[in-house]
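Everything below belongs to start07.cif, which stores mmCIF, C-alpha atoms.
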data_coords
#
loop_
_atom_site.group_PDB
_atom_site.id
_atom_site.type_symbol
_atom_site.label_atom_id
_atom_site.label_comp_id
_atom_site.auth_asym_id
_atom_site.auth_seq_id
_atom_site.Cartn_x
_atom_site.Cartn_y
_atom_site.Cartn_z
ATOM 1 C CA MET P 9 80.891 106.852 118.128
ATOM 2 C CA THR P 10 80.073 109.916 120.197
ATOM 3 C CA GLU P 11 79.484 110.937 123.783
ATOM 4 C CA ASP P 12 75.837 110.037 123.171
ATOM 5 C CA ASP P 13 76.843 106.406 123.218
ATOM 6 C CA LEU P 14 77.367 106.652 126.946
ATOM 7 C CA LEU P 15 74.741 104.564 128.710
ATOM 8 C CA GLU P 16 74.028 105.529 132.275
ATOM 9 C CA LEU P 17 71.700 104.483 135.073
ATOM 10 C CA GLN P 18 71.193 106.269 138.350
ATOM 11 C CA ILE P 19 69.561 104.390 141.226
ATOM 12 C CA PRO P 20 68.842 105.077 144.862
ATOM 13 C CA PRO P 21 71.206 103.134 147.149
ATOM 14 C CA GLN P 22 68.527 100.693 148.206
ATOM 15 C CA ALA P 23 68.675 96.941 147.934
ATOM 16 C CA GLU P 24 65.530 96.633 145.833
ATOM 17 C CA TYR P 25 67.130 98.614 143.011
ATOM 18 C CA VAL P 26 70.210 96.459 142.530
ATOM 19 C CA GLY P 27 68.173 94.129 140.333
ATOM 20 C CA THR P 28 67.297 97.115 138.161
ATOM 21 C CA ALA P 29 70.996 97.793 137.748
ATOM 22 C CA ARG P 30 71.491 94.224 136.538
ATOM 23 C CA LEU P 31 68.648 94.604 134.039
ATOM 24 C CA PHE P 32 70.386 97.720 132.747
ATOM 25 C CA LEU P 33 73.656 95.810 132.407
ATOM 26 C CA ALA P 34 71.894 92.970 130.599
ATOM 27 C CA ALA P 35 70.329 95.412 128.141
ATOM 28 C CA ALA P 36 73.662 97.160 127.589
ATOM 29 C CA GLY P 37 75.314 93.792 127.074
ATOM 30 C CA ARG P 38 72.831 92.966 124.335
ATOM 31 C CA HIS P 39 73.301 96.382 122.763
ATOM 32 C CA PHE P 40 77.076 96.030 122.659
ATOM 33 C CA GLU P 41 76.948 92.324 121.826
ATOM 34 C CA LEU P 42 78.871 91.176 124.871
ATOM 35 C CA SER P 43 79.026 87.509 125.737
ATOM 36 C CA GLU P 44 76.633 86.173 128.354
ATOM 37 C CA GLU P 45 79.606 85.228 130.512
ATOM 38 C CA ALA P 46 81.025 88.756 130.422
ATOM 39 C CA VAL P 47 77.678 90.273 131.293
ATOM 40 C CA ALA P 48 77.230 87.800 134.158
ATOM 41 C CA ASP P 49 80.604 88.766 135.629
ATOM 42 C CA VAL P 50 79.924 92.488 135.309
ATOM 43 C CA LYS P 51 76.575 91.994 137.028
ATOM 44 C CA VAL P 52 78.350 90.422 140.007
ATOM 45 C CA ALA P 53 80.976 93.155 140.249
ATOM 46 C CA VAL P 54 78.420 95.957 140.020
ATOM 47 C CA SER P 55 76.106 94.246 142.500
ATOM 48 C CA GLU P 56 78.956 93.971 144.991
ATOM 49 C CA VAL P 57 79.719 97.685 144.770
ATOM 50 C CA CYS P 58 76.038 98.531 145.143
ATOM 51 C CA ALA P 59 75.794 96.271 148.198
ATOM 52 C CA ASP P 60 78.789 98.021 149.751
ATOM 53 C CA ALA P 61 77.075 101.368 149.361
ATOM 54 C CA ILE P 62 73.733 100.119 150.619
ATOM 55 C CA GLU P 63 75.254 98.695 153.789
ATOM 56 C CA ASP P 64 77.424 101.737 154.461
ATOM 57 C CA LEU P 65 76.369 103.754 157.506
ATOM 58 C CA ARG P 66 76.936 106.827 155.352
ATOM 59 C CA ARG P 67 74.758 105.674 152.495
ATOM 60 C CA PRO P 68 75.379 107.864 149.427
ATOM 61 C CA GLU P 69 72.700 109.956 147.773
ATOM 62 C CA HIS P 70 72.648 107.758 144.726
ATOM 63 C CA LEU P 71 74.645 105.291 142.684
ATOM 64 C CA ARG P 72 75.530 105.839 139.072
ATOM 65 C CA ILE P 73 76.429 103.064 136.670
ATOM 66 C CA ALA P 74 77.933 104.116 133.368
ATOM 67 C CA ILE P 75 79.028 102.201 130.304
ATOM 68 C CA ARG P 76 81.163 103.997 127.794
ATOM 69 C CA PRO P 77 82.193 102.313 124.546
ATOM 70 C CA GLY P 78 85.688 102.725 123.205
ATOM 71 C CA VAL P 79 87.259 101.318 120.084
ATOM 72 C CA ASP P 80 88.481 98.104 121.648
ATOM 73 C CA ALA P 81 87.048 98.161 125.165
ATOM 74 C CA LEU P 82 83.921 98.966 127.078
ATOM 75 C CA GLU P 83 84.503 101.005 130.194
ATOM 76 C CA VAL P 84 82.144 100.153 133.047
ATOM 77 C CA ALA P 85 82.089 102.475 136.029
ATOM 78 C CA VAL P 86 80.142 102.676 139.257
ATOM 79 C CA SER P 87 80.315 105.861 141.276
ATOM 80 C CA SER P 88 78.443 107.519 144.071
ATOM 81 C CA GLU P 89 77.962 110.926 145.561
ATOM 82 C CA PRO P 90 78.275 111.044 149.341
ATOM 83 C CA ALA P 91 75.306 112.265 151.336
ATOM 84 C CA GLY P 92 75.967 115.410 153.330
ATOM 85 C CA ILE P 93 79.393 116.410 154.557
ATOM 86 C CA GLU P 94 82.341 114.082 154.336
ATOM 87 C CA ALA P 95 82.732 112.188 157.598
ATOM 88 C CA ASP P 96 85.493 109.908 158.773
ATOM 89 C CA LEU P 97 85.139 106.768 156.668
ATOM 90 C CA GLU P 98 86.678 104.734 159.465
ATOM 91 C CA ASP P 99 83.352 104.806 161.273
ATOM 92 C CA THR P 100 81.967 102.327 158.762
ATOM 93 C CA GLU P 101 84.420 99.673 159.861
ATOM 94 C CA PRO P 102 83.519 97.130 162.546
ATOM 95 C CA PRO P 103 84.953 97.768 166.029
ATOM 96 C CA ALA P 104 88.390 96.327 166.732
ATOM 97 C CA GLY P 105 88.214 92.601 167.311
ATOM 98 C CA GLU P 106 84.961 92.191 165.399
ATOM 99 C CA MET P 107 84.821 90.667 161.948
ATOM 100 C CA ALA P 108 82.982 92.318 159.106
ATOM 101 C CA PRO P 109 80.111 90.201 157.829
ATOM 102 C CA PHE P 110 81.294 87.367 155.654
ATOM 103 C CA GLU P 111 79.842 88.761 152.448
ATOM 104 C CA ARG P 112 81.620 92.087 152.989
ATOM 105 C CA ARG P 113 84.941 90.326 153.366
ATOM 106 C CA LEU P 114 84.172 88.324 150.253
ATOM 107 C CA ARG P 115 83.395 91.237 147.966
ATOM 108 C CA GLU P 116 86.801 92.626 147.182
ATOM 109 C CA PRO P 117 88.511 89.283 146.446
ATOM 110 C CA LEU P 118 85.496 88.251 144.405
ATOM 111 C CA VAL P 119 85.574 91.377 142.243
ATOM 112 C CA HIS P 120 89.309 91.012 141.714
ATOM 113 C CA ALA P 121 88.942 87.337 140.893
ATOM 114 C CA LEU P 122 86.498 88.308 138.161
ATOM 115 C CA PHE P 123 88.400 91.401 136.999
ATOM 116 C CA PRO P 124 92.038 91.339 138.135
ATOM 117 C CA HIS P 125 92.718 94.817 136.726
ATOM 118 C CA ALA P 126 89.594 96.483 138.045
ATOM 119 C CA ASP P 127 89.978 99.673 140.039
ATOM 120 C CA TYR P 128 87.727 98.857 142.983
ATOM 121 C CA GLN P 129 87.495 101.147 145.993
ATOM 122 C CA PRO P 130 84.936 99.610 148.348
ATOM 123 C CA ARG P 131 84.887 102.452 150.857
ATOM 124 C CA GLN P 132 84.197 104.993 148.156
ATOM 125 C CA HIS P 133 81.758 102.655 146.386
ATOM 126 C CA ARG P 134 83.679 103.060 143.183
ATOM 127 C CA LEU P 135 84.491 100.575 140.492
ATOM 128 C CA ARG P 136 86.064 100.996 137.103
ATOM 129 C CA LEU P 137 86.816 98.137 134.757
ATOM 130 C CA SER P 138 87.444 97.541 131.081
ATOM 131 C CA LEU P 139 85.981 94.767 129.012
ATOM 132 C CA PRO P 140 87.741 93.695 125.828
ATOM 133 C CA TRP P 141 85.316 94.491 123.060
ATOM 134 C CA GLU P 142 85.028 94.798 119.328
ATOM 135 C CA LEU P 143 82.812 97.410 117.774
ATOM 136 C CA PRO P 144 79.692 95.669 116.436
ATOM 137 C CA GLU P 145 79.282 96.086 112.699
ATOM 138 C CA ASP P 146 75.955 97.893 113.045
ATOM 139 C CA ILE P 147 77.376 100.546 115.381
ATOM 140 C CA GLU P 148 79.157 103.451 113.747
ATOM 141 C CA GLY P 149 82.749 103.926 114.875
ATOM 142 C CA PRO P 150 84.317 107.119 116.229
ATOM 143 C CA MET T 15 78.279 118.148 136.466
ATOM 144 C CA GLU T 16 75.337 116.356 134.960
ATOM 145 C CA PRO T 17 76.413 113.426 132.790
ATOM 146 C CA GLN T 18 75.958 113.349 129.056
ATOM 147 C CA GLY T 19 74.068 110.693 127.154
ATOM 148 C CA ARG T 20 71.051 108.642 127.881
ATOM 149 C CA VAL T 21 70.198 108.666 131.579
ATOM 150 C CA ALA T 22 67.618 106.299 132.986
ATOM 151 C CA ARG T 23 66.278 106.943 136.455
ATOM 152 C CA GLN T 24 64.464 104.623 138.830
ATOM 153 C CA GLU T 25 63.340 106.542 141.878
ATOM 154 C CA SER T 26 59.968 105.039 142.719
ATOM 155 C CA ASP T 27 59.368 101.973 144.858
ATOM 156 C CA ALA T 28 56.635 101.008 142.411
ATOM 157 C CA ASN T 29 59.290 100.420 139.778
ATOM 158 C CA ALA T 30 61.517 98.296 141.996
ATOM 159 C CA LEU T 31 62.353 94.861 140.659
ATOM 160 C CA GLN T 32 61.460 91.995 142.950
ATOM 161 C CA PRO T 33 61.855 88.759 140.989
ATOM 162 C CA PHE T 34 62.444 86.647 144.056
ATOM 163 C CA ALA T 35 60.371 83.831 145.540
ATOM 164 C CA VAL T 36 61.124 81.142 148.074
ATOM 165 C CA ALA T 37 59.120 78.180 149.350
ATOM 166 C CA SER T 38 59.847 75.128 151.440
ATOM 167 C CA ARG T 39 58.576 71.557 151.471
ATOM 168 C CA THR T 40 59.562 68.230 152.960
ATOM 169 C CA GLU T 41 60.845 65.346 150.883
ATOM 170 C CA GLY T 42 62.284 62.089 152.212
ATOM 171 C CA GLY T 43 63.100 63.596 155.574
ATOM 172 C CA TRP T 44 64.826 66.604 154.055
ATOM 173 C CA THR T 45 63.601 70.165 154.052
ATOM 174 C CA VAL T 46 63.726 71.328 150.460
ATOM 175 C CA ILE T 47 63.860 75.069 149.865
ATOM 176 C CA ASP T 48 62.986 76.123 146.344
ATOM 177 C CA VAL T 49 64.449 79.487 145.378
ATOM 178 C CA ARG T 50 63.504 81.547 142.334
ATOM 179 C CA GLY T 51 65.000 84.706 140.938
ATOM 180 C CA ASP T 52 68.105 86.605 141.948
ATOM 181 C CA LEU T 53 69.858 85.888 145.227
ATOM 182 C CA ASP T 54 71.490 89.166 146.208
ATOM 183 C CA VAL T 55 71.659 91.856 148.864
ATOM 184 C CA TYR T 56 67.912 92.414 148.516
ATOM 185 C CA SER T 57 66.630 88.853 148.618
ATOM 186 C CA SER T 58 69.197 86.964 150.650
ATOM 187 C CA PRO T 59 67.906 88.097 154.082
ATOM 188 C CA THR T 60 64.580 86.425 153.297
ATOM 189 C CA LEU T 61 66.248 83.149 152.386
ATOM 190 C CA ARG T 62 68.614 83.371 155.352
ATOM 191 C CA GLN T 63 65.701 83.820 157.747
ATOM 192 C CA LEU T 64 63.706 80.964 156.232
ATOM 193 C CA ILE T 65 66.603 78.521 156.448
ATOM 194 C CA LEU T 66 67.493 79.524 159.989
ATOM 195 C CA ASP T 67 63.856 79.187 161.048
ATOM 196 C CA ARG T 68 63.798 75.655 159.675
ATOM 197 C CA ILE T 69 67.072 74.742 161.364
ATOM 198 C CA HIS T 70 65.998 76.202 164.689
ATOM 199 C CA ARG T 71 62.774 74.232 164.645
ATOM 200 C CA GLY T 72 64.811 71.067 164.215
ATOM 201 C CA ASP T 73 65.044 70.535 160.487
ATOM 202 C CA GLY T 74 68.731 69.651 160.303
ATOM 203 C CA ARG T 75 68.887 68.347 156.740
ATOM 204 C CA ILE T 76 68.388 71.153 154.288
ATOM 205 C CA ILE T 77 68.413 71.118 150.498
ATOM 206 C CA VAL T 78 68.501 74.448 148.677
ATOM 207 C CA ASP T 79 67.254 74.023 145.116
ATOM 208 C CA LEU T 80 68.990 76.631 142.955
ATOM 209 C CA GLU T 81 67.612 75.461 139.605
ATOM 210 C CA HIS T 82 65.637 78.666 139.140
ATOM 211 C CA VAL T 83 68.193 81.043 140.618
ATOM 212 C CA ASP T 84 69.366 83.341 137.849
ATOM 213 C CA PHE T 85 71.965 85.247 139.815
ATOM 214 C CA LEU T 86 74.071 84.645 142.907
ATOM 215 C CA ASP T 87 76.503 87.085 144.511
ATOM 216 C CA SER T 88 78.430 87.294 147.789
ATOM 217 C CA ALA T 89 75.251 87.884 149.772
ATOM 218 C CA GLY T 90 73.754 84.651 148.459
ATOM 219 C CA VAL T 91 76.990 82.755 148.987
ATOM 220 C CA SER T 92 77.096 84.037 152.553
ATOM 221 C CA VAL T 93 73.626 82.657 153.216
ATOM 222 C CA MET T 94 74.758 79.205 152.126
ATOM 223 C CA VAL T 95 77.844 79.331 154.313
ATOM 224 C CA SER T 96 76.038 80.470 157.439
ATOM 225 C CA ALA T 97 73.259 77.954 156.864
ATOM 226 C CA LEU T 98 75.768 75.135 156.454
ATOM 227 C CA ARG T 99 77.497 76.214 159.660
ATOM 228 C CA GLN T 100 74.216 76.344 161.571
ATOM 229 C CA ALA T 101 73.099 72.988 160.236
ATOM 230 C CA THR T 102 76.361 71.206 161.007
ATOM 231 C CA ASN T 103 76.387 72.705 164.498
ATOM 232 C CA ARG T 104 73.162 70.775 165.014
ATOM 233 C CA ASN T 105 74.489 67.576 163.454
ATOM 234 C CA GLY T 106 72.708 68.322 160.225
ATOM 235 C CA THR T 107 73.879 69.322 156.786
ATOM 236 C CA LEU T 108 73.035 71.480 153.813
ATOM 237 C CA ALA T 109 73.195 70.526 150.165
ATOM 238 C CA LEU T 110 72.685 72.456 146.948
ATOM 239 C CA VAL T 111 70.798 71.237 143.921
ATOM 240 C CA GLN T 112 71.166 72.285 140.300
ATOM 241 C CA PRO T 113 73.097 75.524 140.554
ATOM 242 C CA GLY T 114 73.257 77.170 137.148
ATOM 243 C CA ASP T 115 76.426 78.225 135.371
ATOM 244 C CA GLN T 116 76.639 81.615 137.073
ATOM 245 C CA ALA T 117 75.983 80.215 140.551
ATOM 246 C CA ARG T 118 78.536 77.435 140.015
ATOM 247 C CA ARG T 119 81.085 80.010 138.961
ATOM 248 C CA MET T 120 80.517 81.980 142.167
ATOM 249 C CA LEU T 121 80.820 78.847 144.287
ATOM 250 C CA ARG T 122 84.011 77.866 142.492
ATOM 251 C CA LEU T 123 85.597 81.325 142.759
ATOM 252 C CA THR T 124 84.928 81.399 146.486
ATOM 253 C CA ASP T 125 86.101 77.783 146.949
ATOM 254 C CA LEU T 126 82.735 76.926 148.420
ATOM 255 C CA ASP T 127 82.259 74.183 145.880
ATOM 256 C CA LYS T 128 84.708 72.263 148.075
ATOM 257 C CA VAL T 129 82.560 72.470 151.194
ATOM 258 C CA LEU T 130 79.017 72.668 149.873
ATOM 259 C CA PRO T 131 77.823 69.320 148.518
ATOM 260 C CA THR T 132 76.026 69.737 145.211
ATOM 261 C CA PHE T 133 73.615 67.398 143.419
ATOM 262 C CA THR T 134 71.986 67.297 140.055
ATOM 263 C CA SER T 135 68.496 66.733 141.454
ATOM 264 C CA VAL T 136 66.549 66.812 144.690
ATOM 265 C CA GLU T 137 65.911 63.084 144.286
ATOM 266 C CA ASP T 138 69.649 62.388 144.143
ATOM 267 C CA ALA T 139 70.295 64.476 147.223
ATOM 268 C CA VAL T 140 67.532 62.753 149.153
ATOM 269 C CA SER T 141 68.472 59.240 148.089
ATOM 270 C CA LEU T 142 72.201 59.641 148.592
ATOM 271 C CA GLY T 143 71.872 61.253 152.015
ATOM 272 C CA LEU T 144 75.169 62.727 153.175
ATOM 273 C CA PRO T 145 77.091 63.094 149.938
ATOM 274 C CA ASP T 146 80.711 62.971 148.974
ATOM 275 C CA MET T 147 81.854 66.567 148.755
ATOM 276 C CA GLY T 148 81.520 67.905 145.258
ATOM 277 C CA ALA T 149 80.931 64.489 143.754
ATOM 278 C CA GLU T 150 77.965 65.547 141.674
ATOM 279 C CA THR T 151 79.075 68.913 140.347
#
So that I can check it, write out the structure of this file as structure tokens.
Amino acid sequence: MTEDDLLELQIPPQAEYVGTARLFLAAAGRHFELSEEAVADVKVAVSEVCADAIEDLRRPEHLRIAIRPGVDALEVAVSSEPAGIEADLEDTEPPAGEMAPFERRLREPLVHALFPHADYQPRQHRLRLSLPWELPEDIEGP
Amino acid sequence: MEPQGRVARQESDANALQPFAVASRTEGGWTVIDVRGDLDVYSSPTLRQLILDRIHRGDGRIIVDLEHVDFLDSAGVSVMVSALRQATNRNGTLALVQPGDQARRMLRLTDLDKVLPTFTSVEDAVSLGLPDMGAET
């Protein structure tokens, strides 16, 4: 297995493209022979990160979703590049005394319920998780 | 640094995926909302608005049919919660019908399966009226 086995999708941080990201994950899941349940959970986690970025006042330039196969795990990562200069991230939080929308408060516990060991940084729109995985027989090993 | 490997790009609105559809009808005194496709950050505002419109015009008993919903995330869950709150504030209620495996998992993980009554069919929801919580999941 080589660096060429990295699968990557770059999307604009717009709500209409989150479905495209899920199609990409579904295709990657078929390629790497993941279970439907695993793919469904990854779709949720990635969608939550995308939604965070889309709703951020400082929407990033783009979102990048990458899947990198290892010997016994698939690494799934979502990352973003901030638009313009770095500003104070605190300005994306609701004013004191106001609650963030329900779905925003739900995202982090939901992602960690699905993937307890995921590295999820909502403010940076970053996610990194590992899926237990066995190399399919028809894919050449490293 | 530009990443290695196969990079797919989607940068045109023409290529955007929009597999979502919603429609409403009346059955046995209930407003039934049929949802198709993915219920996420893109589509949930449409469903939220439709349900709230129905509630505000006086339709207090709402059924959301999830049989054809392929994907549900926190945005979709949030719609259900706010709709239930709005309906109960007006002495109504909201029930779900036929959530698939993925939607049921989301409802269970968020503990909403305990507060959102769920039925196996629209007919059951209509005939049973106000259900026992979670009795039909």
So which residues touch Val47 of chain P within 7 Å, counting only C-alpha atoms, skipping near sequence neighbours fewer than 6 positions away, as a list in words?
->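 Result of the neighbour search: Leu33, Ala34 and Gly37 of chain P.
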Do you know which residues the PyMOL selection byres ((chain T and resi 86) around 6) returns on this file, as a VMD selection string?
-> chain T and resid 53 85 87 90 117
Determine which residues of chain P sit within 8 Å of chain T, taking into account only C-alpha atoms, and present them as a PyMOL selection string.
-> chain P and resi 11-20+23-28+48+52+55-56+59+110-112+114-115+118+121
With only C-alpha atoms as the basis for distance, which of T:Gln112, T:Gln100, T:Thr45, T:Thr107 is at the shortest distance from Leu130 of chain T?
->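 For Leu130 of chain T, the nearest of the candidates is T:Thr107.
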Explicit residue set for the PyMOL selection byres ((chain T and resi 64-69) around 10), as a PyMOL selection string = chain T and resi 36-38+45-47+58-63+70-78+93-94+96-98+100-102+104+106-108
Take atom CA of Ala85 of chain P and atom CA of Ala29 of chain P and report the distance between them in Å, one decimal.
->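 Taking atom CA of Ala85 of chain P and atom CA of Ala29 of chain P, their separation equals 12.2 Å.
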Just give me the gap between atom CA of Leu42 of chain P and atom CA of Ser88 of chain P in Å, one decimal is fine.
->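 Between atom CA of Leu42 of chain P and atom CA of Ser88 of chain P the gap works out to 25.2 Å.
Counting all atoms listed in the file and comparing P:Val84, P:Leu139, P:Ala36, P:Val57, the residue that lies closest to Leu71 of chain P is P:Val57.
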Got a moment to write segment 57-68 of chain T out with N, CA and C atoms, as a compact mmCIF listing (two decimals), in the first residue's frame?
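Here's the written file out.txt:
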# COMPACT_ATOMS: atom_id res chain seq x y z
N SER T 57 -30.81 20.14 4.66
CA SER T 57 -32.25 19.93 4.46
C SER T 57 -33.10 20.24 5.67
N SER T 58 -32.53 20.17 6.85
CA SER T 58 -33.37 20.29 8.05
C SER T 58 -34.08 21.64 8.17
N PRO T 59 -33.51 22.77 7.71
CA PRO T 59 -34.29 24.01 7.81
C PRO T 59 -35.61 23.95 7.05
N THR T 60 -35.62 23.25 5.93
CA THR T 60 -36.86 23.13 5.15
C THR T 60 -37.92 22.36 5.94
N LEU T 61 -37.49 21.25 6.54
CA LEU T 61 -38.44 20.46 7.33
C LEU T 61 -38.88 21.23 8.56
N ARG T 62 -37.94 21.90 9.21
CA ARG T 62 -38.28 22.68 10.41
C ARG T 62 -39.35 23.71 10.08
N GLN T 63 -39.16 24.43 8.97
CA GLN T 63 -40.10 25.47 8.59
C GLN T 63 -41.47 24.88 8.28
N LEU T 64 -41.49 23.77 7.57
CA LEU T 64 -42.77 23.15 7.22
C LEU T 64 -43.53 22.72 8.47
N ILE T 65 -42.85 22.08 9.39
CA ILE T 65 -43.53 21.63 10.61
C ILE T 65 -44.03 22.82 11.42
N LEU T 66 -43.18 23.82 11.56
CA LEU T 66 -43.61 24.98 12.36
C LEU T 66 -44.77 25.71 11.70
N ASP T 67 -44.77 25.78 10.37
CA ASP T 67 -45.91 26.38 9.68
C ASP T 67 -47.20 25.63 10.01
N ARG T 68 -47.12 24.30 9.98
CA ARG T 68 -48.31 23.50 10.26
C ARG T 68 -48.77 23.70 11.70
